[in-house]
$ cat target-v8.cif   # mmCIF, C-alpha atoms
data_structure
loop_
_atom_site.label_atom_id
_atom_site.label_comp_id
_atom_site.auth_asym_id
_atom_site.auth_seq_id
_atom_site.Cartn_x
_atom_site.Cartn_y
_atom_site.Cartn_z
CA MET A 1 0.00 0.00 0.00
CA PRO A 2 1.16 3.58 -0.62
CA ARG A 3 2.16 6.12 2.00
CA ALA A 4 1.95 9.92 1.86
CA PHE A 5 4.11 12.65 3.38
CA LEU A 6 2.70 16.20 3.24
CA VAL A 7 5.41 18.71 4.18
CA VAL A 8 4.49 22.36 4.75
CA MET A 9 7.37 24.83 4.48
CA ASP A 10 5.63 27.44 6.59
CA SER A 11 5.42 30.80 4.75
CA VAL A 12 7.51 29.87 1.68
CA GLY A 13 5.25 31.72 -0.75
CA ILE A 14 5.97 32.28 -4.43
CA GLY A 15 3.97 35.43 -5.17
CA GLY A 16 1.20 35.99 -7.67
CA ALA A 17 -1.91 35.76 -5.48
CA PRO A 18 -4.70 37.27 -7.59
CA ASP A 19 -6.34 38.92 -4.57
CA ALA A 20 -3.15 40.20 -2.91
CA ASN A 21 -4.45 43.77 -3.17
CA ARG A 22 -7.12 42.91 -0.56
CA PHE A 23 -4.53 42.00 2.10
CA PHE A 24 -2.25 44.47 3.87
CA ASN A 25 0.82 45.00 6.00
CA GLY A 26 -0.17 48.23 7.69
CA ASP A 27 -1.22 50.49 4.83
CA THR A 28 0.75 48.56 2.21
CA PRO A 29 -1.17 46.03 0.11
CA ASP A 30 0.49 42.66 -0.49
CA THR A 31 0.45 43.22 -4.25
CA GLY A 32 3.87 42.20 -5.54
CA ALA A 33 5.00 40.31 -2.44
CA ASN A 34 7.05 37.24 -3.33
CA THR A 35 8.87 35.50 -0.51
CA LEU A 36 11.06 33.16 -2.57
CA ILE A 37 11.99 35.44 -5.47
CA HIS A 38 12.74 38.46 -3.28
CA ILE A 39 15.03 36.34 -1.10
CA ALA A 40 16.75 34.99 -4.22
CA GLU A 41 17.17 38.51 -5.61
CA ALA A 42 18.68 39.74 -2.34
CA CYS A 43 21.10 36.82 -2.29
CA ALA A 44 22.16 37.41 -5.89
CA ALA A 45 22.76 41.10 -5.12
CA GLY A 46 24.99 40.28 -2.14
CA GLU A 47 22.41 41.63 0.32
CA ALA A 48 21.95 38.43 2.35
CA GLU A 49 25.46 37.63 3.51
CA GLU A 50 24.97 37.03 7.23
CA GLY A 51 26.05 33.44 7.88
CA ARG A 52 26.05 32.57 4.18
CA ARG A 53 27.32 33.90 0.86
CA GLY A 54 26.26 34.37 -2.73
CA ALA A 55 23.31 33.16 -4.74
CA LEU A 56 20.50 31.19 -3.11
CA ARG A 57 21.29 27.51 -3.66
CA LEU A 58 18.39 25.06 -3.41
CA PRO A 59 19.35 22.30 -5.87
CA VAL A 60 16.95 19.67 -4.53
CA LEU A 61 13.82 21.82 -4.37
CA ASP A 62 14.75 23.52 -7.66
CA GLY A 63 15.18 20.09 -9.22
CA LEU A 64 11.67 19.19 -8.11
CA GLY A 65 10.37 22.38 -9.73
CA LEU A 66 10.47 25.17 -7.14
CA GLY A 67 11.92 27.77 -9.53
CA ALA A 68 9.52 26.78 -12.29
CA ALA A 69 6.59 26.97 -9.87
CA ALA A 70 7.63 30.46 -8.75
CA CYS A 71 7.71 31.66 -12.35
CA LEU A 72 4.35 30.05 -13.05
CA ALA A 73 2.81 31.66 -9.95
CA SER A 74 4.04 35.20 -10.47
CA GLY A 75 4.84 35.55 -14.15
CA ALA A 76 8.55 36.03 -13.45
CA GLN A 77 10.99 34.96 -16.15
CA GLN A 78 13.55 33.47 -13.81
CA VAL A 79 14.58 33.02 -10.18
CA PRO A 80 18.14 34.29 -9.63
CA GLY A 81 20.51 31.40 -8.99
CA PHE A 82 18.00 28.72 -10.05
CA ARG A 83 18.36 26.51 -13.09
CA MET A 84 15.72 26.90 -15.77
CA GLU A 85 15.71 23.27 -16.91
CA GLN A 86 12.92 20.72 -17.01
CA PRO A 87 12.15 19.78 -13.38
CA ASP A 88 12.42 16.19 -12.25
CA GLY A 89 9.35 16.25 -10.00
CA LEU A 90 5.67 17.01 -10.29
CA TRP A 91 5.29 20.75 -9.91
CA GLY A 92 2.81 23.60 -9.94
CA ALA A 93 1.41 26.50 -7.92
CA ALA A 94 -1.61 26.62 -5.63
CA THR A 95 -4.01 29.49 -4.94
CA GLU A 96 -5.93 29.99 -1.69
CA VAL A 97 -9.56 31.10 -1.52
CA SER A 98 -10.06 31.30 2.27
CA PRO A 99 -10.43 34.90 3.53
CA GLY A 100 -7.21 34.90 5.53
CA LYS A 101 -3.44 34.63 5.15
CA ASP A 102 -2.92 32.82 8.43
CA THR A 103 -1.73 29.39 9.50
CA PRO A 104 -5.11 27.71 10.22
CA SER A 105 -6.67 29.00 6.98
CA GLY A 106 -3.79 27.73 4.88
CA HIS A 107 -3.53 24.32 6.52
CA TRP A 108 -7.27 23.66 6.65
CA GLU A 109 -7.59 24.50 2.97
CA LEU A 110 -4.56 22.38 2.05
CA ALA A 111 -6.36 19.56 3.88
CA GLY A 112 -9.45 20.07 1.73
CA LEU A 113 -11.51 22.49 3.83
CA PRO A 114 -11.70 26.18 2.87
CA VAL A 115 -12.54 28.34 5.88
CA PRO A 116 -16.33 28.87 5.74
CA TRP A 117 -16.41 32.13 7.69
CA ASP A 118 -14.61 35.44 8.13
CA TRP A 119 -12.16 35.38 11.00
CA THR A 120 -12.39 37.96 13.77
CA TYR A 121 -9.35 40.24 13.99
CA PHE A 122 -8.56 42.73 16.73
CA PRO A 123 -8.12 46.39 15.73
CA GLU A 124 -4.73 48.10 15.67
CA THR A 125 -5.65 50.30 18.60
CA ASP A 126 -4.26 50.59 22.12
CA PRO A 127 -6.04 48.95 23.88
CA CYS A 128 -7.17 46.45 21.24
CA PHE A 129 -9.20 43.84 23.16
CA PRO A 130 -12.84 44.38 24.20
CA ASP A 131 -13.44 45.01 27.90
CA PHE A 132 -15.50 41.85 28.42
CA LEU A 133 -12.60 39.73 27.17
CA ILE A 134 -10.08 41.40 29.47
CA GLU A 135 -12.48 40.89 32.39
CA GLU A 136 -12.65 37.18 31.60
CA VAL A 137 -8.85 36.95 31.49
CA LYS A 138 -8.62 38.69 34.88
CA GLN A 139 -11.31 36.49 36.41
CA ILE A 140 -9.76 33.20 35.24
CA ALA A 141 -6.22 34.25 36.17
CA GLY A 142 -7.27 35.79 39.50
CA VAL A 143 -5.52 39.09 38.81
CA ASP A 144 -6.47 42.76 38.88
CA GLY A 145 -5.17 43.69 35.44
CA VAL A 146 -3.33 42.71 32.28
CA LEU A 147 -0.31 44.08 30.42
CA GLY A 148 0.05 44.72 26.73
CA ASN A 149 -3.45 44.76 25.27
CA ARG A 150 -2.11 45.77 21.86
CA HIS A 151 -0.62 44.51 18.59
CA ALA A 152 3.00 43.54 19.15
CA SER A 153 5.88 41.25 18.30
CA GLY A 154 6.06 38.47 20.87
CA THR A 155 9.75 38.87 21.64
CA ALA A 156 9.46 42.66 21.76
CA ILE A 157 6.50 42.78 24.14
CA ILE A 158 8.11 40.28 26.50
CA ALA A 159 11.23 42.46 26.60
CA GLU A 160 9.09 45.55 27.20
CA GLU A 161 6.65 44.14 29.75
CA GLY A 162 8.48 41.18 31.29
CA ALA A 163 9.83 42.93 34.38
CA ARG A 164 6.49 44.54 35.16
CA HIS A 165 4.79 41.18 34.61
CA GLN A 166 7.06 39.54 37.17
CA LYS A 167 6.40 42.37 39.62
CA THR A 168 2.60 42.48 39.25
CA GLY A 169 1.77 38.92 38.22
CA TRP A 170 -0.42 40.30 35.41
CA PRO A 171 -0.38 38.26 32.17
CA ILE A 172 0.86 39.89 28.95
CA CYS A 173 -1.92 39.87 26.32
CA TYR A 174 -1.23 40.80 22.72
CA THR A 175 -2.25 40.04 19.14
CA SER A 176 -1.05 40.38 15.57
CA ALA A 177 -2.57 40.70 12.13
CA ASP A 178 -3.66 37.06 12.53
CA SER A 179 -6.91 36.06 14.20
CA VAL A 180 -5.28 35.32 17.53
CA LEU A 181 -4.97 36.21 21.21
CA GLN A 182 -1.55 35.45 22.65
CA ILE A 183 -0.80 35.39 26.36
CA ALA A 184 2.78 35.46 27.60
CA ALA A 185 3.77 34.63 31.16
CA HIS A 186 6.92 33.67 33.06
CA GLU A 187 7.19 29.95 33.76
CA GLY A 188 8.70 30.57 37.16
CA SER A 189 6.87 33.54 38.68
CA PHE A 190 3.49 32.97 36.98
CA GLY A 191 3.68 29.23 36.38
CA LEU A 192 3.43 27.17 33.21
CA ASP A 193 0.43 25.12 34.34
CA ARG A 194 -1.40 28.28 35.36
CA LEU A 195 -0.74 29.86 31.94
CA LEU A 196 -1.94 26.77 30.07
CA ASP A 197 -5.06 26.57 32.23
CA LEU A 198 -5.80 30.24 31.56
CA CYS A 199 -5.53 29.83 27.80
CA GLN A 200 -7.50 26.59 27.72
CA ARG A 201 -10.39 28.04 29.76
CA LEU A 202 -10.40 31.26 27.74
CA ALA A 203 -10.34 29.56 24.33
CA PRO A 204 -14.07 28.70 24.04
CA SER A 205 -15.03 32.38 24.31
CA LEU A 206 -12.56 33.30 21.56
CA HIS A 207 -13.69 30.45 19.34
CA ARG A 208 -17.32 31.58 19.63
CA MET A 209 -16.11 34.96 18.38
CA LYS A 210 -14.41 33.17 15.42
CA VAL A 211 -10.95 34.02 16.69
CA GLY A 212 -8.76 31.25 15.34
CA ARG A 213 -6.34 30.62 18.18
CA VAL A 214 -5.41 31.35 21.76
CA ILE A 215 -1.68 30.83 22.15
CA ALA A 216 0.17 30.32 25.44
CA ARG A 217 3.62 31.91 25.18
CA PRO A 218 5.69 30.92 28.23
CA PHE A 219 9.12 32.44 28.82
CA THR A 220 11.95 32.29 31.35
CA GLY A 221 14.90 34.44 32.38
CA GLU A 222 15.31 37.86 33.90
CA ALA A 223 14.89 41.45 32.72
CA GLY A 224 17.08 42.06 29.70
CA ALA A 225 17.48 38.34 29.03
CA TYR A 226 14.03 36.81 28.63
CA THR A 227 13.71 33.73 26.42
CA ARG A 228 10.57 32.07 25.10
CA THR A 229 10.51 28.36 25.84
CA ARG A 230 9.46 25.32 23.82
CA ASN A 231 6.32 24.94 25.95
CA ARG A 232 4.18 27.07 23.65
CA HIS A 233 0.69 25.65 23.18
CA ASP A 234 -1.97 26.65 20.65
CA TYR A 235 -5.66 26.29 21.48
CA ALA A 236 -7.13 26.37 17.98
CA ILE A 237 -10.72 26.38 16.88
CA THR A 238 -11.81 22.93 15.71
CA PRO A 239 -12.40 22.57 11.96
CA PRO A 240 -16.16 22.57 11.38
CA ASP A 241 -16.06 19.70 8.87
CA PRO A 242 -13.82 16.69 8.17
CA THR A 243 -10.40 17.33 6.65
CA LEU A 244 -7.82 15.12 4.97
CA CYS A 245 -6.76 13.90 8.41
CA ASP A 246 -10.27 12.65 9.16
CA TRP A 247 -10.61 11.12 5.69
CA VAL A 248 -7.46 9.06 6.22
CA GLN A 249 -8.46 7.97 9.71
CA GLY A 250 -11.94 7.10 8.51
CA ALA A 251 -10.45 4.76 5.91
CA GLY A 252 -8.39 3.00 8.58
CA GLY A 253 -5.09 4.82 8.02
CA ALA A 254 -2.90 6.41 10.68
CA VAL A 255 -2.14 10.14 10.71
CA HIS A 256 1.21 11.17 12.17
CA ALA A 257 1.78 14.87 12.95
CA ILE A 258 5.20 16.53 12.96
CA GLY A 259 5.48 20.04 14.39
CA LYS A 260 2.43 22.21 15.05
CA ILE A 261 -0.04 20.19 12.97
CA ARG A 262 -1.94 18.82 15.96
CA ASP A 263 -2.50 22.32 17.33
CA ILE A 264 -3.67 23.65 13.96
CA PHE A 265 -6.35 20.97 13.70
CA ALA A 266 -7.18 21.03 17.44
CA GLY A 267 -6.13 17.38 17.59
CA ARG A 268 -8.89 16.31 15.21
CA GLY A 269 -7.86 13.42 12.96
CA ILE A 270 -4.39 13.11 14.50
CA ASP A 271 -3.06 9.83 15.95
CA ASP A 272 0.24 11.05 17.39
CA VAL A 273 2.58 14.02 17.28
CA VAL A 274 6.25 14.90 17.69
CA THR A 275 7.38 18.49 18.20
CA GLY A 276 10.57 20.51 18.55
CA PRO A 277 12.71 22.96 16.57
CA ASP A 278 12.98 22.43 12.85
CA ARG A 279 16.28 20.56 13.00
CA GLU A 280 14.71 17.98 15.28
CA LEU A 281 11.64 17.83 13.08
CA MET A 282 13.80 16.93 10.08
CA GLY A 283 15.04 13.94 12.06
CA HIS A 284 11.45 12.99 12.85
CA LEU A 285 10.56 13.22 9.16
CA ALA A 286 13.46 10.92 8.30
CA HIS A 287 12.28 8.50 10.99
CA ALA A 288 8.75 8.56 9.55
CA VAL A 289 10.05 7.75 6.07
CA ASP A 290 11.93 4.81 7.54
CA GLY A 291 9.09 3.46 9.65
CA ALA A 292 5.61 4.85 8.90
CA GLU A 293 3.14 2.10 8.15
CA GLU A 294 1.43 1.47 4.83
CA GLY A 295 -1.66 3.58 4.17
CA SER A 296 -0.52 6.32 6.56
CA LEU A 297 -0.29 10.08 6.22
CA THR A 298 2.60 11.96 7.79
CA PHE A 299 1.72 15.66 7.96
CA ALA A 300 4.63 17.97 8.85
CA ASN A 301 5.03 21.69 9.42
CA PHE A 302 8.44 23.40 9.48
CA VAL A 303 7.58 26.67 11.18
CA GLU A 304 10.91 28.45 11.61
CA PHE A 305 10.94 29.94 8.09
CA ASP A 306 7.98 31.96 9.37
CA SER A 307 8.53 32.39 13.09
CA LEU A 308 12.26 33.10 13.18
CA TYR A 309 12.90 34.80 9.85
CA GLY A 310 9.77 35.93 8.02
CA HIS A 311 8.12 37.88 10.83
CA ARG A 312 11.50 39.30 11.86
CA ARG A 313 12.23 40.39 8.27
CA ASP A 314 15.55 38.54 8.35
CA ILE A 315 16.42 37.85 4.71
CA SER A 316 19.79 36.25 5.44
CA GLY A 317 18.30 34.01 8.11
CA TYR A 318 15.47 32.95 5.83
CA ALA A 319 17.96 32.13 3.06
CA ARG A 320 20.14 30.13 5.46
CA HIS A 321 17.13 28.14 6.61
CA LEU A 322 16.04 27.40 3.06
CA GLU A 323 19.53 26.16 2.22
CA TRP A 324 19.69 24.02 5.37
CA PHE A 325 16.28 22.53 4.58
CA ASP A 326 17.26 21.75 1.00
CA ALA A 327 20.58 20.18 2.01
CA SER A 328 18.75 17.90 4.48
CA LEU A 329 16.48 16.35 1.85
CA PRO A 330 18.66 13.97 -0.25
CA PRO A 331 18.81 11.06 2.24
CA ILE A 332 15.11 11.44 3.00
CA LEU A 333 14.09 11.39 -0.66
CA ALA A 334 16.45 8.47 -1.31
CA ALA A 335 14.69 6.47 1.42
CA LEU A 336 11.21 6.83 -0.11
CA ARG A 337 9.59 3.57 -1.21
CA PRO A 338 8.43 3.12 -4.81
CA ASP A 339 4.76 3.74 -3.92
CA ASP A 340 5.39 6.75 -1.64
CA LEU A 341 4.39 10.34 -2.33
CA MET A 342 6.20 13.23 -0.63
CA LEU A 343 4.60 16.57 -1.36
CA PHE A 344 6.16 19.94 -0.45
CA THR A 345 4.02 23.06 -0.20
CA ALA A 346 3.39 26.14 1.98
CA ASP A 347 0.46 27.74 3.77
CA HIS A 348 0.98 31.45 2.90
CA GLY A 349 3.84 33.86 2.32
CA ASN A 350 5.94 35.96 4.68
CA ASP A 351 8.15 38.05 2.45
CA PRO A 352 11.08 39.25 4.61
CA SER A 353 11.68 42.14 2.24
CA TRP A 354 8.14 43.49 2.64
CA PRO A 355 7.03 46.37 4.89
CA GLY A 356 5.58 45.39 8.25
CA THR A 357 5.90 42.08 10.06
CA ASP A 358 2.80 40.17 8.94
CA HIS A 359 2.28 37.28 6.54
CA THR A 360 1.89 38.13 2.86
CA ARG A 361 -0.88 36.87 0.59
CA GLU A 362 0.82 34.66 -2.02
CA ARG A 363 0.44 31.53 -4.07
CA VAL A 364 2.44 28.55 -2.81
CA PRO A 365 4.52 25.86 -4.50
CA VAL A 366 3.28 22.31 -4.98
CA LEU A 367 6.22 19.94 -5.49
CA ALA A 368 5.88 16.17 -5.47
CA ALA A 369 8.66 13.60 -5.17
CA GLY A 370 7.96 9.97 -5.91
CA SER A 371 6.80 8.13 -8.97
CA CYS A 372 5.19 11.18 -10.64
CA SER A 373 6.60 14.06 -12.67
CA GLY A 374 5.45 16.86 -14.97
CA GLN A 375 3.62 20.17 -14.70
CA ILE A 376 0.23 20.35 -12.97
CA GLY A 377 -0.20 24.07 -13.63
CA GLN A 378 -2.29 26.32 -11.41
CA VAL A 379 -4.31 24.40 -8.83
CA GLY A 380 -6.21 25.19 -5.64
CA PHE A 381 -5.06 24.60 -2.08
CA VAL A 382 -7.95 22.12 -1.77
CA ASP A 383 -6.53 20.08 -4.63
CA VAL A 384 -3.54 19.22 -2.46
CA GLY A 385 -5.69 17.35 0.04
CA ALA A 386 -7.71 15.69 -2.71
CA SER A 387 -4.50 14.51 -4.41
CA VAL A 388 -3.05 13.05 -1.21
CA ALA A 389 -6.34 11.25 -0.63
CA ALA A 390 -6.31 9.91 -4.19
CA HIS A 391 -2.76 8.64 -3.75
CA LEU A 392 -3.79 6.76 -0.59
CA GLY A 393 -6.99 5.47 -2.16
CA VAL A 394 -9.07 7.39 0.38
CA PRO A 395 -12.41 8.99 -0.56
CA ALA A 396 -12.14 12.79 -0.54
CA GLN A 397 -15.08 14.71 0.90
CA GLY A 398 -14.15 18.29 0.01
CA PRO A 399 -14.34 20.42 -3.15
CA GLY A 400 -10.80 19.63 -4.35
CA ARG A 401 -9.79 17.62 -7.41
CA SER A 402 -6.75 15.36 -7.63
CA PHE A 403 -3.92 16.51 -9.89
CA LEU A 404 -2.21 13.10 -9.81
#

$ encode --input "target-v8.cif" --output "structure tokens"
Amino acid sequence: MPRAFLVVMDSVGIGGAPDANRFFNGDTPDTGANTLIHIAEACAAGEAEEGRRGALRLPVLDGLGLGAAACLASGAQQVPGFRMEQPDGLWGAATEVSPGKDTPSGHWELAGLPVPWDWTYFPETDPCFPDFLIEEVKQIAGVDGVLGNRHASGTAIIAEEGARHQKTGWPICYTSADSVLQIAAHEGSFGLDRLLDLCQRLAPSLHRMKVGRVIARPFTGEAGAYTRTRNRHDYAITPPDPTLCDWVQGAGGAVHAIGKIRDIFAGRGIDDVVTGPDRELMGHLAHAVDGAEEGSLTFANFVEFDSLYGHRRDISGYARHLEWFDASLPPILAALRPDDLMLFTADHGNDPSWPGTDHTRERVPVLAAGSCSGQIGQVGFVDVGASVAAHLGVPAQGPGRSFL
């Protein structure tokens, strides 16, 4: 029986979204954003030299069709540093229809379920959260106030408010351009279990408001040297209908999650999960290729493209991570069985050359390694889930169509 591996390179967009003008970073529309090509252009111009040098080199992904997909998506003639030869893999570009450029929207739609509602976002005001929500936070946490209550970078607001948080015991509440409420608290002085309990009990109110996630953001350290820990936990709204994960489980197959996949789907349709930084996740992906059972789906998310480099507008760091990721793939691809399908894609863009710090609305690559090759052209996010289901011989329940 076949196996499937769906690998999301979080935020590795390739431009060309037809509705990019409807999405913004501050006052700047996302029209023209292109995560991959702008990184490649910066590398070719010698503007991404921190920890690396020269042109962007991604021979494995380019061989599968990444450069060709980027040109197809955006109308570009070439990607600097990429070969313009016939790709070896199955390749194309996917377009999202869900009304968001966030992680849950992208992943749900890749798994066959476009988001059926408009997400609730908090305004860029100070304060930004409604009074009734702050009162609920205070009541659950047993405190007299909160800190933050504004749009902010997570690392920045912890640096700004961490000392006061430790002094008052008040949780740090903040948001971003995503549909999210994030709560940061010190693992020592506030307590990790207390933070997780607060976020878990608060989540149903946010989900009723169609806010996608409540995220616990624990940190440690002292003023001037705070560090976020690996104990982050997302309390995501449950998908309203079955997704690819449920389809596979319903047909008797196992679904193995790598990275933040379980959180994104609120645990629905997931058999087990392994987490950690991206370098550990690559080891877990290799282990899954070696040992995952027949008929299974391994669904992986590599988040650090987005979290460490895209949001921080770090072009050199993003390029380094792309090159590390690419260099890690040869032994994994070599270990695939004849009936396996490994599909690489993304959930949105996060162009590190763009104004602001938010995701960018972009098309994403669809690259398949295995027994298939050729161009699939322009497809929908939902077609990814339908194609994985078709490969596994699982009935698809969503609107997508297989491109296999």

$ resolve_selection --input "target-v8.cif" --expression "the PyMOL selection byres ((chain A and resi 330) around 12)" --output "number ranges by chain"
A: 58-61, 63-64, 282, 286, 324-329, 331-336, 369

$ closest_residue --input "target-v8.cif" --among "A:Thr35, A:Gly15, A:Leu392, A:Ala203" --to "Leu72 of chain A" --atoms "only C-alpha atoms"
A:Gly15

$ closest_residue --input "target-v8.cif" --among "A:Ile172, A:Val12, A:Ala70, A:Ala292" --to "Leu147 of chain A" --atoms "all atoms listed in the file"
A:Ile172

$ residues_around --input "target-v8.cif" --residues "Ser189 of chain A" --least-positions-apart "6" --cutoff "10 Å" --atoms "only C-alpha atoms" --output "PyMOL selection string"
chain A and resi 165-169+220

$ residues_around --input "target-v8.cif" --residues "Phe219 of chain A" --least-positions-apart "3" --cutoff "10 Å" --atoms "all atoms listed in the file" --output "ChimeraX atom specification"
/A:155,158,162,184-188,190-192,216,222,226-232

$ resolve_selection --input "target-v8.cif" --expression "the PyMOL selection byres ((chain A and resi 154) around 10)" --output "NGL selection string"
:A and (151-153 or 155-160 or 172-176 or 182-184 or 217 or 228)

$ residues_around --input "target-v8.cif" --residues "Thr357 of chain A" --least-positions-apart "5" --cutoff "7 Å" --atoms "only C-alpha atoms" --output "mmCIF file with C-alpha atoms, in the coordinates of the input"
data_model
loop_
_atom_site.group_PDB
_atom_site.id
_atom_site.type_symbol
_atom_site.label_atom_id
_atom_site.label_comp_id
_atom_site.auth_asym_id
_atom_site.auth_seq_id
_atom_site.Cartn_x
_atom_site.Cartn_y
_atom_site.Cartn_z
ATOM 1 C CA HIS A 311 8.120 37.880 10.830
ATOM 2 C CA ARG A 312 11.500 39.300 11.860
ATOM 3 C CA ARG A 313 12.230 40.390 8.270
#

$ residues_near_point --input "target-v8.cif" --point "(-19.5, 37.4, 21.3)" --cutoff "12 Å" --atoms "all atoms listed in the file" --output "MDAnalysis selection string"
chainID A and resid 120 130:133 204:211

$ residues_around --input "target-v8.cif" --residues "Ile270 of chain A" --least-positions-apart "6" --cutoff "8 Å" --atoms "all atoms listed in the file" --output "list of chain:residue names"
A:Cys245, A:Asp246, A:Ala254, A:Val255, A:His256, A:Ala257, A:Arg262

$ closest_residue --input "target-v8.cif" --among "A:Pro123, A:Gly142, A:Gly221, A:Pro365" --to "Leu198 of chain A" --atoms "only C-alpha atoms"
A:Gly142

$ atom_distance --input "target-v8.cif" --atom1 "atom CA of Leu36 of chain A" --atom2 "atom CA of Val115 of chain A"
25.5 Å

$ atom_distance --input "target-v8.cif" --atom1 "atom CA of Val214 of chain A" --atom2 "atom CA of Val364 of chain A"
25.9 Å

$ closest_residue --input "target-v8.cif" --among "A:Asn149, A:Thr298, A:Gln375, A:Thr103" --to "Val388 of chain A" --atoms "all atoms listed in the file"
A:Thr298

$ closest_residue --input "target-v8.cif" --among "A:Gly32, A:Gly92, A:Gly26, A:Pro104" --to "Asp347 of chain A" --atoms "only C-alpha atoms"
A:Pro104

$ atom_distance --input "target-v8.cif" --atom1 "atom CA of Asn34 of chain A" --atom2 "atom CA of Glu85 of chain A"
21.3 Å

$ resolve_selection --input "target-v8.cif" --expression "the PyMOL selection byres ((chain A and resi 90) around 7)" --output "MDAnalysis selection string"
chainID A and resid 64 89 91 367:369 372:376

$ residues_around --input "target-v8.cif" --residues "Glu294 of chain A" --least-positions-apart "5" --cutoff "7 Å" --atoms "only C-alpha atoms" --output "tab-separated table (two decimals) with C-alpha atoms, in the coordinates of the input"
chain	number	residue	atom	x	y	z
A	1	MET	CA	0.00	0.00	0.00
A	2	PRO	CA	1.16	3.58	-0.62
A	3	ARG	CA	2.16	6.12	2.00

$ closest_residue --input "target-v8.cif" --among "A:Ile264, A:Val274, A:Pro171, A:Pro242" --to "Pro218 of chain A" --atoms "only C-alpha atoms"
A:Pro171

$ build_atoms --input "target-v8.cif" --residues "segment 378-395 of chain A" --atoms "N, CA and C atoms" --output "PDB file, in the coordinates of the input"
ATOM      1  N   GLN A 378      -1.684  25.599 -12.520  1.00  0.00           N
ATOM      2  CA  GLN A 378      -2.290  26.320 -11.410  1.00  0.00           C
ATOM      3  C   GLN A 378      -3.402  25.461 -10.804  1.00  0.00           C
ATOM      4  N   VAL A 379      -3.306  25.204  -9.519  1.00  0.00           N
ATOM      5  CA  VAL A 379      -4.310  24.400  -8.830  1.00  0.00           C
ATOM      6  C   VAL A 379      -4.776  25.163  -7.596  1.00  0.00           C
ATOM      7  N   GLY A 380      -5.742  24.606  -6.878  1.00  0.00           N
ATOM      8  CA  GLY A 380      -6.210  25.190  -5.640  1.00  0.00           C
ATOM      9  C   GLY A 380      -5.566  24.523  -4.438  1.00  0.00           C
ATOM     10  N   PHE A 381      -5.539  25.224  -3.310  1.00  0.00           N
ATOM     11  CA  PHE A 381      -5.060  24.600  -2.080  1.00  0.00           C
ATOM     12  C   PHE A 381      -5.824  23.293  -1.830  1.00  0.00           C
ATOM     13  N   VAL A 382      -7.145  23.309  -2.058  1.00  0.00           N
ATOM     14  CA  VAL A 382      -7.950  22.120  -1.770  1.00  0.00           C
ATOM     15  C   VAL A 382      -7.553  20.928  -2.621  1.00  0.00           C
ATOM     16  N   ASP A 383      -6.940  21.179  -3.764  1.00  0.00           N
ATOM     17  CA  ASP A 383      -6.530  20.080  -4.630  1.00  0.00           C
ATOM     18  C   ASP A 383      -5.364  19.294  -4.037  1.00  0.00           C
ATOM     19  N   VAL A 384      -4.619  19.924  -3.132  1.00  0.00           N
ATOM     20  CA  VAL A 384      -3.540  19.220  -2.460  1.00  0.00           C
ATOM     21  C   VAL A 384      -4.107  18.076  -1.621  1.00  0.00           C
ATOM     22  N   GLY A 385      -5.084  18.385  -0.778  1.00  0.00           N
ATOM     23  CA  GLY A 385      -5.690  17.350   0.040  1.00  0.00           C
ATOM     24  C   GLY A 385      -6.348  16.277  -0.793  1.00  0.00           C
ATOM     25  N   ALA A 386      -7.050  16.667  -1.846  1.00  0.00           N
ATOM     26  CA  ALA A 386      -7.710  15.690  -2.710  1.00  0.00           C
ATOM     27  C   ALA A 386      -6.689  14.777  -3.384  1.00  0.00           C
ATOM     28  N   SER A 387      -5.532  15.309  -3.736  1.00  0.00           N
ATOM     29  CA  SER A 387      -4.500  14.510  -4.410  1.00  0.00           C
ATOM     30  C   SER A 387      -3.852  13.524  -3.439  1.00  0.00           C
ATOM     31  N   VAL A 388      -3.592  13.966  -2.210  1.00  0.00           N
ATOM     32  CA  VAL A 388      -3.050  13.050  -1.210  1.00  0.00           C
ATOM     33  C   VAL A 388      -4.042  11.915  -0.948  1.00  0.00           C
ATOM     34  N   ALA A 389      -5.312  12.273  -0.848  1.00  0.00           N
ATOM     35  CA  ALA A 389      -6.340  11.250  -0.630  1.00  0.00           C
ATOM     36  C   ALA A 389      -6.373  10.267  -1.797  1.00  0.00           C
ATOM     37  N   ALA A 390      -6.290  10.780  -3.027  1.00  0.00           N
ATOM     38  CA  ALA A 390      -6.310   9.910  -4.190  1.00  0.00           C
ATOM     39  C   ALA A 390      -5.111   8.964  -4.189  1.00  0.00           C
ATOM     40  N   HIS A 391      -3.954   9.480  -3.807  1.00  0.00           N
ATOM     41  CA  HIS A 391      -2.760   8.640  -3.750  1.00  0.00           C
ATOM     42  C   HIS A 391      -2.943   7.495  -2.757  1.00  0.00           C
ATOM     43  N   LEU A 392      -3.580   7.777  -1.629  1.00  0.00           N
ATOM     44  CA  LEU A 392      -3.790   6.760  -0.590  1.00  0.00           C
ATOM     45  C   LEU A 392      -5.010   5.888  -0.857  1.00  0.00           C
ATOM     46  N   GLY A 393      -5.780   6.220  -1.894  1.00  0.00           N
ATOM     47  CA  GLY A 393      -6.990   5.470  -2.160  1.00  0.00           C
ATOM     48  C   GLY A 393      -8.093   5.745  -1.168  1.00  0.00           C
ATOM     49  N   VAL A 394      -8.107   6.982  -0.637  1.00  0.00           N
ATOM     50  CA  VAL A 394      -9.070   7.390   0.380  1.00  0.00           C
ATOM     51  C   VAL A 394     -10.117   8.298  -0.260  1.00  0.00           C
ATOM     52  N   PRO A 395     -11.401   8.096  -0.006  1.00  0.00           N
ATOM     53  CA  PRO A 395     -12.410   8.990  -0.560  1.00  0.00           C
ATOM     54  C   PRO A 395     -12.255  10.417  -0.019  1.00  0.00           C
TER      55      PRO A 395
END
